[in-house]
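K.L.:
Structure below; questions to follow.
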Amino acid sequence: MVEATNFIEQIINSELESGVCNEVHTRFPPEPNGYLHIGHAKSLCINFGVKEKYNGKCNLFFDDTNPSKEKTEFVDAIKEDIKWLGFKWDEERYASDFFENIFEFAVKLIKDGKAFVCDMSPEEISKNRGSLTEPGKESPYRNRSVEENLDLFYKMREGAFEDGAKCLRAKIDMASPNINMRDPVIYRILRQTHHRTGDKWCIYPMYDYAHPICDYLQGVTHSLCTLEFEDHRPLYDWVGIELGFSPKPRQIEFARLNVTNLVMSKRYLKKLVETGEVDGWDDPRMPTLTGLRRRGIPAEALKDFCSRIGVCKANSEVQISYLEACVREYLNANADRAMGVLKPLKVTISNYPEGKIEQLDFEINPNEEVKRTRKINFAKTIYIDEDDFSLNPPPKYFRLKKDGMVRLKSAYIIKCDDVVTDENGKVIELICSYIPESKSGADVSGLKVKGVIQWVCENDAVDVEIRKYGHLLLDEQYPGQDFAERMNKDSVTVFKGKVEPEIMQGDEDKAYQLMRTGYFKRLNVGGKPVISEIVSLKDNFNK
């Protein structure tokens with residue numbers, strides 16, 4: 001028996017041992033009405049993780065019962081995201097595959113006296129549903145004969161009535177303490193072109209009714225979904241029992257993933273895109289999987305994050321710093337090192353030979369067991385970052401200062417001899433000298449300096465736009481307020497920097513660590529040279 005690590009696996013083990021089920025078959029059931037976000041990553045990891053752990057099956061199931069919001073664009077994007085995470089589904093199915101079956105099952109419910117056609121409007125149905133303390137009122141159409149209900153239901157399918165004029169409701173219990181069981185609507189009239197079936201249908205099943213039927217017809221044994229569906233489980237079970245499903249799939253709920261500083265609602269994400277507050281669904285600030293992928297978040301790090309937060313029954317909120325720590329840990333081990341400066345400051349090395357270009361060895365990744373190096377150019381003029389020099393340094397300042405020394409990464413120790421300023425007193429150039437005997441890997445100078453800084457060579461440095469990202473939401477400053485009141489208007493900072501050519505020549509998805517700055521990748525923005533931050537080096541997660 002598989003060792004259980006969470007309550008879902010404990011339930012599955014118990015059912016396998018008792019013979020309730022002989023195999024494990026799950027499904028990942030997105031509605032194709034938007035792009036997947038980080039919350040869906042947890043559901044993906046759970047559903048496909050169960051498949052892998054029990055050597056079972058997992059279908060990709062599209063809940064396409066609401067054609068007014070669904071598009072093939074979203075179907076394609078969802079499949080691409082799942083492939084990026086490295087998951088493989090066994091079958092690709094759609095609710096629309098089963099529309100005829102779902103209709104016939106509704107006919108069966110009518111014949112069994114378990115469903116009726118109702119002429120009440122959606123507003124009237126809602127008004128008469130009751131409250132948590134008061135029972136609902138039965139529809140005046142509840143006791144129509146089976147023959148009349150069948151006739152009306154077939155006419156609904158044929159398009160004889162206007163949208164909203166009639167609906168099909170399950171006949172359960174208007175006094176049930178669970179409001180979802182008070183004669184819920186299971187079919188509505190909706191004239192919308194479906195992305196797969198076109199205009200074949202003008203009536204569509206409601207999700208709560210179609211859900212258990214589609215699970216059963218696919219052979220799903222365990223319907224794993226988020227906690228908001230817990231109150232819907234009695235209706236899920238009612239449909240399966242009344243239609244005689246054997247074996248009947250079991251619904252198990254788990255807590256959804258909530259992360260601070262992130263918009264975790266498809267509706268709000270869509271609003272951000274439509275209002276132009278972000279550049280699209282794949283904006284690197286977006287928590288969509290396509291946005292995370294474009295930002296450079298490794299799929300392995302995201303899956304590691306989902307694994308670490310675990311599977312629980314109670315909703316909670318995870319600090320975004322935990323996600324960033326997982327990304328940082330992965331990139332620290334796997335990302336190549338490179339150099340770049342966000343705010344370039346020119347450095348002229350006065351005693352370096354004019355016209356000489358020297359090739360130095362640069363270590364690609366210090367964490368690798370087998371050391372690898374590549375060549376970088378060094379010449380008389382280089383650039384360092386403005387933040388690595390100070391005219392008035394504080395105590396214990398180990399970077400470059402007037403008359404001070406610092407080591408250039410993989411190169412030489414230099415000393416600042418003079419400072420050039422503009423008419424406003426801003427430092428625009430440093431005149432330095434280098435110590436020829438201090439070459440990295442062959443240092444015989446005997447000098448000891450504590451500071452090591454990055455730099456780029458003027459001869460081949462690439463001028464780029466460098467983007468650093470903040471969070472979309474300001475959770476700490478505005479806890480509990482509406483998204484619109486918590487939007488971070490300064491979530492992007494743009495620098496005009498310089499980077500070594502290695503970064504711009506590599507694969508667009510390749511991540512690099514820039515010394516003491518962060519992890520970056522090349523970003524395709526209309527053909528112009530841009531690199532964007534994946535995550536900073538600063539780790540503010542309290543382990």
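Note on naming: chains are A, B, ... as they come in the structure tokens, residues start from 1 per chain, ligands start from 1 in the order shown.
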Applying 9 Å and only C-alpha atoms, which residues near Lys69 of chain A remain after dropping the ones on its own chain fewer than 5 positions away? List them as an MDAnalysis selection string.

P.N.:
chainID A and resid 32:34

K.L.:
Write a file of the just-selected residues containing all heavy atoms, as a PDB file, in the first residue's frame.

P.N.:
```pdb
ATOM      1  N   PRO A  32     -12.734  26.600 -19.609  1.00  0.00           N
ATOM      2  CA  PRO A  32     -11.911  27.371 -20.551  1.00  0.00           C
ATOM      3  C   PRO A  32     -12.434  28.806 -20.731  1.00  0.00           C
ATOM      4  O   PRO A  32     -12.783  29.224 -21.836  1.00  0.00           O
ATOM      5  CB  PRO A  32     -12.010  26.554 -21.840  1.00  0.00           C
ATOM      6  CG  PRO A  32     -13.344  25.880 -21.751  1.00  0.00           C
ATOM      7  CD  PRO A  32     -13.557  25.585 -20.300  1.00  0.00           C
ATOM      8  N   ASN A  33     -12.493  29.550 -19.629  1.00  0.00           N
ATOM      9  CA  ASN A  33     -12.972  30.935 -19.669  1.00  0.00           C
ATOM     10  C   ASN A  33     -11.887  31.925 -19.260  1.00  0.00           C
ATOM     11  O   ASN A  33     -12.166  33.074 -18.932  1.00  0.00           O
ATOM     12  CB  ASN A  33     -14.198  31.105 -18.766  1.00  0.00           C
ATOM     13  CG  ASN A  33     -13.882  30.859 -17.298  1.00  0.00           C
ATOM     14  OD1 ASN A  33     -12.803  30.358 -16.957  1.00  0.00           O
ATOM     15  ND2 ASN A  33     -14.809  31.218 -16.427  1.00  0.00           N
ATOM     16  N   GLY A  34     -10.648  31.469 -19.244  1.00  0.00           N
ATOM     17  CA  GLY A  34      -9.527  32.318 -18.878  1.00  0.00           C
ATOM     18  C   GLY A  34      -8.260  31.479 -18.809  1.00  0.00           C
ATOM     19  O   GLY A  34      -8.272  30.282 -19.132  1.00  0.00           O
TER      20      GLY A  34
END
```

K.L.:
Quick one: everything within 9 Å of Pro234 of chain A, counting only C-alpha atoms, minus sequence neighbours fewer than 5 positions away in the same chain. Send it as JSON, numbers by chain.

P.N.:
{"A": [178, 180, 181, 239]}

K.L.:
Have a look at A:Trp455, A:Phe87, A:Tyr434, A:Tyr519 and name the one nearest to Val341 of chain A; count only C-alpha atoms.

P.N.:
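The closest residue to Val341 of chain A is A:Trp455.
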
K.L.:
Counting only C-alpha atoms, figure out which residue out of A:Thr290, A:Lys171, A:Val146, A:Asp183 gets nearest to Asn128 of chain A.

P.N.:
A:Asp183

K.L.:
Find the residues of segment 177-285 of chain A that sit at most 10 Å from segment 116-126 of chain A; for each, write down the nearest two atoms and how far apart they are in Å, to one decimal. Count only C-alpha atoms. Sort by chain, then by number going up, and give it as CSV.

P.N.:
```
residue,atom,partner,partner_atom,distance
A:Asp183,CA,A:Phe116,CA,9.3
A:Pro184,CA,A:Ile125,CA,9.1
A:Val185,CA,A:Cys118,CA,8.9
A:Ile186,CA,A:Phe116,CA,9.9
A:Tyr187,CA,A:Val117,CA,9.2
A:Arg188,CA,A:Pro122,CA,9.8
```

K.L.:
Calculated over only C-alpha atoms, which of the candidates A:Asp151, A:Glu104, A:Asp215, A:Glu15 has the smallest distance to Phe28 of chain A?

P.N.:
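Ranking A:Asp151, A:Glu104, A:Asp215, A:Glu15 by distance to Phe28 of chain A, first place goes to A:Asp215.
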
K.L.:
Enumerate as an MDAnalysis selection string all residues of segment 255-373 of chain A assigned to strand (DSSP E) by DSSP on the backbone, naming them with the chain letters and numbers the document uses.

P.N.:
chainID A and resid 257:259 316:318 336:338 340:341 344:349 358:363 373

K.L.:
Suppose you want the space between atom CA of Arg522 of chain A and atom CA of Met504 of chain A; what is it in Å?

P.N.:
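Atom CA of Arg522 of chain A sits 6.5 Å away from atom CA of Met504 of chain A.
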
K.L.:
Within 7 Å of Tyr383 of chain A, counting only C-alpha atoms, which residues show up once you throw out same-chain ones fewer than 6 positions away? Write them as a VMD selection string, please.

P.N.:
chain A and resid 344 to 347 455 to 458

K.L.:
Could you write out the selected residues, including all heavy atoms, as a CSV table (one decimal), in the first residue's frame?

P.N.:
```
chain,number,residue,atom,x,y,z
A,344,PRO,N,24.8,52.2,-15.0
A,344,PRO,CA,26.2,52.1,-15.4
A,344,PRO,C,27.0,53.4,-15.0
A,344,PRO,O,26.6,54.5,-15.1
A,344,PRO,CB,26.2,52.0,-16.9
A,344,PRO,CG,24.8,51.5,-17.2
A,344,PRO,CD,23.9,52.1,-16.1
A,345,LEU,N,28.2,53.2,-14.4
A,345,LEU,CA,29.2,54.2,-14.1
A,345,LEU,C,30.5,53.9,-14.8
A,345,LEU,O,31.1,52.8,-14.6
A,345,LEU,CB,29.4,54.3,-12.6
A,345,LEU,CG,30.4,55.3,-12.1
A,345,LEU,CD1,30.1,56.7,-12.5
A,345,LEU,CD2,30.6,55.3,-10.6
A,346,LYS,N,30.9,54.8,-15.6
A,346,LYS,CA,32.1,54.6,-16.4
A,346,LYS,C,33.4,54.5,-15.5
A,346,LYS,O,33.6,55.4,-14.6
A,346,LYS,CB,32.3,55.7,-17.5
A,346,LYS,CG,33.4,55.5,-18.4
A,346,LYS,CD,33.5,56.6,-19.5
A,346,LYS,CE,34.6,56.4,-20.5
A,346,LYS,NZ,34.6,57.4,-21.5
A,347,VAL,N,34.3,53.6,-15.8
A,347,VAL,CA,35.5,53.4,-15.1
A,347,VAL,C,36.6,53.4,-16.2
A,347,VAL,O,36.6,52.5,-17.0
A,347,VAL,CB,35.6,52.2,-14.2
A,347,VAL,CG1,37.0,52.0,-13.6
A,347,VAL,CG2,34.5,52.3,-13.1
A,455,TRP,N,30.9,44.0,-13.1
A,455,TRP,CA,31.3,45.0,-14.1
A,455,TRP,C,31.0,44.5,-15.5
A,455,TRP,O,30.8,43.3,-15.7
A,455,TRP,CB,32.8,45.3,-14.0
A,455,TRP,CG,33.7,44.1,-14.1
A,455,TRP,CD1,33.9,43.2,-13.1
A,455,TRP,CD2,34.3,43.5,-15.3
A,455,TRP,NE1,34.7,42.1,-13.6
A,455,TRP,CE2,34.9,42.3,-14.9
A,455,TRP,CE3,34.4,44.0,-16.6
A,455,TRP,CZ2,35.6,41.6,-15.8
A,455,TRP,CZ3,35.1,43.2,-17.5
A,455,TRP,CH2,35.7,42.0,-17.1
A,456,VAL,N,31.1,45.3,-16.5
A,456,VAL,CA,31.0,44.9,-17.9
A,456,VAL,C,32.0,45.7,-18.7
A,456,VAL,O,32.4,46.8,-18.3
A,456,VAL,CB,29.6,45.1,-18.5
A,456,VAL,CG1,28.6,44.2,-17.8
A,456,VAL,CG2,29.1,46.6,-18.4
A,457,CYS,N,32.5,45.0,-19.7
A,457,CYS,CA,33.5,45.7,-20.6
A,457,CYS,C,32.9,46.5,-21.7
A,457,CYS,O,31.9,46.1,-22.3
A,457,CYS,CB,34.4,44.6,-21.2
A,457,CYS,SG,35.7,45.2,-22.3
A,458,GLU,N,33.4,47.7,-21.8
A,458,GLU,CA,32.9,48.7,-22.8
A,458,GLU,C,32.8,48.1,-24.2
A,458,GLU,O,31.9,48.4,-25.0
A,458,GLU,CB,33.7,50.0,-22.8
A,458,GLU,CG,33.1,51.0,-23.7
A,458,GLU,CD,33.9,52.3,-23.8
A,458,GLU,OE1,35.2,52.1,-24.1
A,458,GLU,OE2,33.4,53.4,-23.7
```

K.L.:
Per DSSP on the backbone, what are the alpha helix (DSSP H) residues of segment 376-499 of chain A, as a ChimeraX atom specification?

P.N.:
/A:483-486

K.L.:
Export N, CA, C and O atoms of the chosen residues as a PDB file, in the first residue's frame?

P.N.:
```pdb
ATOM      1  N   PHE A 483      -9.361  44.663  -4.282  1.00  0.00           N
ATOM      2  CA  PHE A 483      -8.177  44.674  -5.142  1.00  0.00           C
ATOM      3  C   PHE A 483      -7.879  46.065  -5.694  1.00  0.00           C
ATOM      4  O   PHE A 483      -6.732  46.495  -5.757  1.00  0.00           O
ATOM      5  N   ALA A 484      -8.924  46.766  -6.108  1.00  0.00           N
ATOM      6  CA  ALA A 484      -8.730  48.074  -6.731  1.00  0.00           C
ATOM      7  C   ALA A 484      -8.043  49.059  -5.780  1.00  0.00           C
ATOM      8  O   ALA A 484      -7.331  49.963  -6.218  1.00  0.00           O
ATOM      9  N   GLU A 485      -8.239  48.894  -4.477  1.00  0.00           N
ATOM     10  CA  GLU A 485      -7.636  49.793  -3.496  1.00  0.00           C
ATOM     11  C   GLU A 485      -6.235  49.362  -3.087  1.00  0.00           C
ATOM     12  O   GLU A 485      -5.554  50.082  -2.373  1.00  0.00           O
ATOM     13  N   ARG A 486      -5.842  48.184  -3.541  1.00  0.00           N
ATOM     14  CA  ARG A 486      -4.550  47.641  -3.118  1.00  0.00           C
ATOM     15  C   ARG A 486      -3.554  47.503  -4.266  1.00  0.00           C
ATOM     16  O   ARG A 486      -2.477  46.949  -4.087  1.00  0.00           O
TER      17      ARG A 486
END
```

K.L.:
Write out as a ChimeraX atom specification which residues come within 9 Å of Gly219 of chain A when counting only C-alpha atoms, dropping same-chain ones fewer than 2 positions away.

P.N.:
/A:25-26,214-217,221,247,249

K.L.:
Name the residues in contact with Glu363 of chain A at a cut-off of 12 Å, using only C-alpha atoms, excluding same-chain residues fewer than 5 positions from it; report them as a ChimeraX atom specification.

P.N.:
/A:335-339,368,370-376,409-411,440-441

K.L.:
Keeping N, CA, C and O atoms, export the residues of the selection given above as a PDB file, in the first residue's frame.

P.N.:
```
ATOM      1  N   ALA A 335      21.052  28.210 -12.064  1.00  0.00           N
ATOM      2  CA  ALA A 335      21.224  29.324 -12.995  1.00  0.00           C
ATOM      3  C   ALA A 335      22.696  29.654 -13.217  1.00  0.00           C
ATOM      4  O   ALA A 335      23.495  29.685 -12.276  1.00  0.00           O
ATOM      5  N   ASP A 336      23.060  29.914 -14.483  1.00  0.00           N
ATOM      6  CA  ASP A 336      24.410  30.392 -14.793  1.00  0.00           C
ATOM      7  C   ASP A 336      24.590  31.806 -14.259  1.00  0.00           C
ATOM      8  O   ASP A 336      23.632  32.564 -14.118  1.00  0.00           O
ATOM      9  N   ARG A 337      25.849  32.151 -13.964  1.00  0.00           N
ATOM     10  CA  ARG A 337      26.168  33.497 -13.497  1.00  0.00           C
ATOM     11  C   ARG A 337      26.552  34.371 -14.692  1.00  0.00           C
ATOM     12  O   ARG A 337      27.116  33.894 -15.676  1.00  0.00           O
ATOM     13  N   ALA A 338      26.217  35.635 -14.568  1.00  0.00           N
ATOM     14  CA  ALA A 338      26.590  36.604 -15.590  1.00  0.00           C
ATOM     15  C   ALA A 338      26.710  37.960 -14.899  1.00  0.00           C
ATOM     16  O   ALA A 338      26.383  38.108 -13.721  1.00  0.00           O
ATOM     17  N   MET A 339      27.192  38.963 -15.639  1.00  0.00           N
ATOM     18  CA  MET A 339      27.357  40.284 -15.035  1.00  0.00           C
ATOM     19  C   MET A 339      26.595  41.340 -15.826  1.00  0.00           C
ATOM     20  O   MET A 339      26.473  41.268 -17.046  1.00  0.00           O
ATOM     21  N   GLU A 368      28.209  23.966  -9.073  1.00  0.00           N
ATOM     22  CA  GLU A 368      28.364  22.725  -9.823  1.00  0.00           C
ATOM     23  C   GLU A 368      29.577  21.928  -9.338  1.00  0.00           C
ATOM     24  O   GLU A 368      30.608  22.508  -8.978  1.00  0.00           O
ATOM     25  N   VAL A 370      31.409  19.850 -11.172  1.00  0.00           N
ATOM     26  CA  VAL A 370      32.446  19.962 -12.195  1.00  0.00           C
ATOM     27  C   VAL A 370      32.520  21.424 -12.628  1.00  0.00           C
ATOM     28  O   VAL A 370      31.557  21.962 -13.173  1.00  0.00           O
ATOM     29  N   LYS A 371      33.644  22.041 -12.397  1.00  0.00           N
ATOM     30  CA  LYS A 371      33.786  23.464 -12.674  1.00  0.00           C
ATOM     31  C   LYS A 371      33.760  23.739 -14.178  1.00  0.00           C
ATOM     32  O   LYS A 371      34.441  23.084 -14.961  1.00  0.00           O
ATOM     33  N   ARG A 372      32.952  24.725 -14.572  1.00  0.00           N
ATOM     34  CA  ARG A 372      32.899  25.172 -15.959  1.00  0.00           C
ATOM     35  C   ARG A 372      33.190  26.673 -16.003  1.00  0.00           C
ATOM     36  O   ARG A 372      32.780  27.415 -15.115  1.00  0.00           O
ATOM     37  N   THR A 373      33.907  27.089 -17.019  1.00  0.00           N
ATOM     38  CA  THR A 373      34.198  28.510 -17.187  1.00  0.00           C
ATOM     39  C   THR A 373      33.905  28.931 -18.625  1.00  0.00           C
ATOM     40  O   THR A 373      33.811  28.089 -19.519  1.00  0.00           O
ATOM     41  N   ARG A 374      33.761  30.212 -18.825  1.00  0.00           N
ATOM     42  CA  ARG A 374      33.664  30.783 -20.165  1.00  0.00           C
ATOM     43  C   ARG A 374      34.530  32.036 -20.197  1.00  0.00           C
ATOM     44  O   ARG A 374      34.922  32.563 -19.145  1.00  0.00           O
ATOM     45  N   LYS A 375      34.821  32.517 -21.370  1.00  0.00           N
ATOM     46  CA  LYS A 375      35.703  33.668 -21.529  1.00  0.00           C
ATOM     47  C   LYS A 375      34.898  34.975 -21.505  1.00  0.00           C
ATOM     48  O   LYS A 375      33.826  35.064 -22.096  1.00  0.00           O
ATOM     49  N   ILE A 376      35.435  35.982 -20.792  1.00  0.00           N
ATOM     50  CA  ILE A 376      34.876  37.330 -20.811  1.00  0.00           C
ATOM     51  C   ILE A 376      35.993  38.308 -21.160  1.00  0.00           C
ATOM     52  O   ILE A 376      37.164  38.064 -20.859  1.00  0.00           O
ATOM     53  N   LYS A 409      35.029  41.176 -10.188  1.00  0.00           N
ATOM     54  CA  LYS A 409      34.734  39.758 -10.279  1.00  0.00           C
ATOM     55  C   LYS A 409      35.486  39.113 -11.448  1.00  0.00           C
ATOM     56  O   LYS A 409      35.428  39.579 -12.596  1.00  0.00           O
ATOM     57  N   SER A 410      36.259  38.053 -11.139  1.00  0.00           N
ATOM     58  CA  SER A 410      37.013  37.263 -12.131  1.00  0.00           C
ATOM     59  C   SER A 410      38.084  38.068 -12.860  1.00  0.00           C
ATOM     60  O   SER A 410      38.558  37.647 -13.909  1.00  0.00           O
ATOM     61  N   ALA A 411      38.458  39.235 -12.311  1.00  0.00           N
ATOM     62  CA  ALA A 411      39.438  40.085 -13.015  1.00  0.00           C
ATOM     63  C   ALA A 411      40.541  40.527 -12.044  1.00  0.00           C
ATOM     64  O   ALA A 411      41.273  39.679 -11.515  1.00  0.00           O
ATOM     65  N   SER A 440      42.581  37.325 -10.934  1.00  0.00           N
ATOM     66  CA  SER A 440      41.838  36.238 -10.285  1.00  0.00           C
ATOM     67  C   SER A 440      42.366  34.886 -10.742  1.00  0.00           C
ATOM     68  O   SER A 440      42.593  34.666 -11.933  1.00  0.00           O
ATOM     69  N   GLY A 441      42.578  34.009  -9.793  1.00  0.00           N
ATOM     70  CA  GLY A 441      43.095  32.684 -10.083  1.00  0.00           C
ATOM     71  C   GLY A 441      44.601  32.623 -10.128  1.00  0.00           C
ATOM     72  O   GLY A 441      45.179  31.530 -10.140  1.00  0.00           O
TER      73      GLY A 441
END
```

K.L.:
Nearest residue to Ala95 of chain A out of A:Lys248, A:Lys450, A:Lys510, A:His194, using only C-alpha atoms?

P.N.:
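Looking at the shortest contact to Ala95 of chain A, the residue is A:His194.
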
K.L.:
Need the shell around segment 443-448 of chain A: protein/DNA/RNA residues with any atom at most 9 Å away, counting only C-alpha atoms. Skip same-chain ones fewer than 5 positions apart. Format as a list of chain:residue names?

P.N.:
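After dropping sequence-adjacent residues, the list is A:Tyr412, A:Ile413, A:Ile435, A:Pro436, A:Glu437, A:Ser438.
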
K.L.:
Limited to C-alpha atoms, could you put the picked residues into a file as an mmCIF file, in the first residue's frame?

P.N.:
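And here's part-v7.cif as it stands now:
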```cif
data_model
loop_
_atom_site.group_PDB
_atom_site.id
_atom_site.type_symbol
_atom_site.label_atom_id
_atom_site.label_comp_id
_atom_site.auth_asym_id
_atom_site.auth_seq_id
_atom_site.Cartn_x
_atom_site.Cartn_y
_atom_site.Cartn_z
ATOM 1 C CA TYR A 412 41.770 42.376 -11.036
ATOM 2 C CA ILE A 413 41.909 44.538 -7.955
ATOM 3 C CA ILE A 435 47.121 45.828 -9.910
ATOM 4 C CA PRO A 436 48.553 43.568 -12.641
ATOM 5 C CA GLU A 437 49.670 40.946 -10.095
ATOM 6 C CA SER A 438 46.136 40.567 -8.680
#
```

K.L.:
Looking at A:Asp282, A:Glu31, A:Glu134, A:Glu148, which one is nearest to Lys71 of chain A, with distances taken over only C-alpha atoms?

P.N.:
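When distances to Lys71 of chain A are compared using only C-alpha atoms, the smallest one comes from A:Glu31.
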
K.L.:
Which of these, A:Pro67, A:Ala255, A:Ile213, A:Leu224, has the shortest distance to Gly240 of chain A once you count only C-alpha atoms?

P.N.:
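Smallest distance to Gly240 of chain A is found for A:Ile213.
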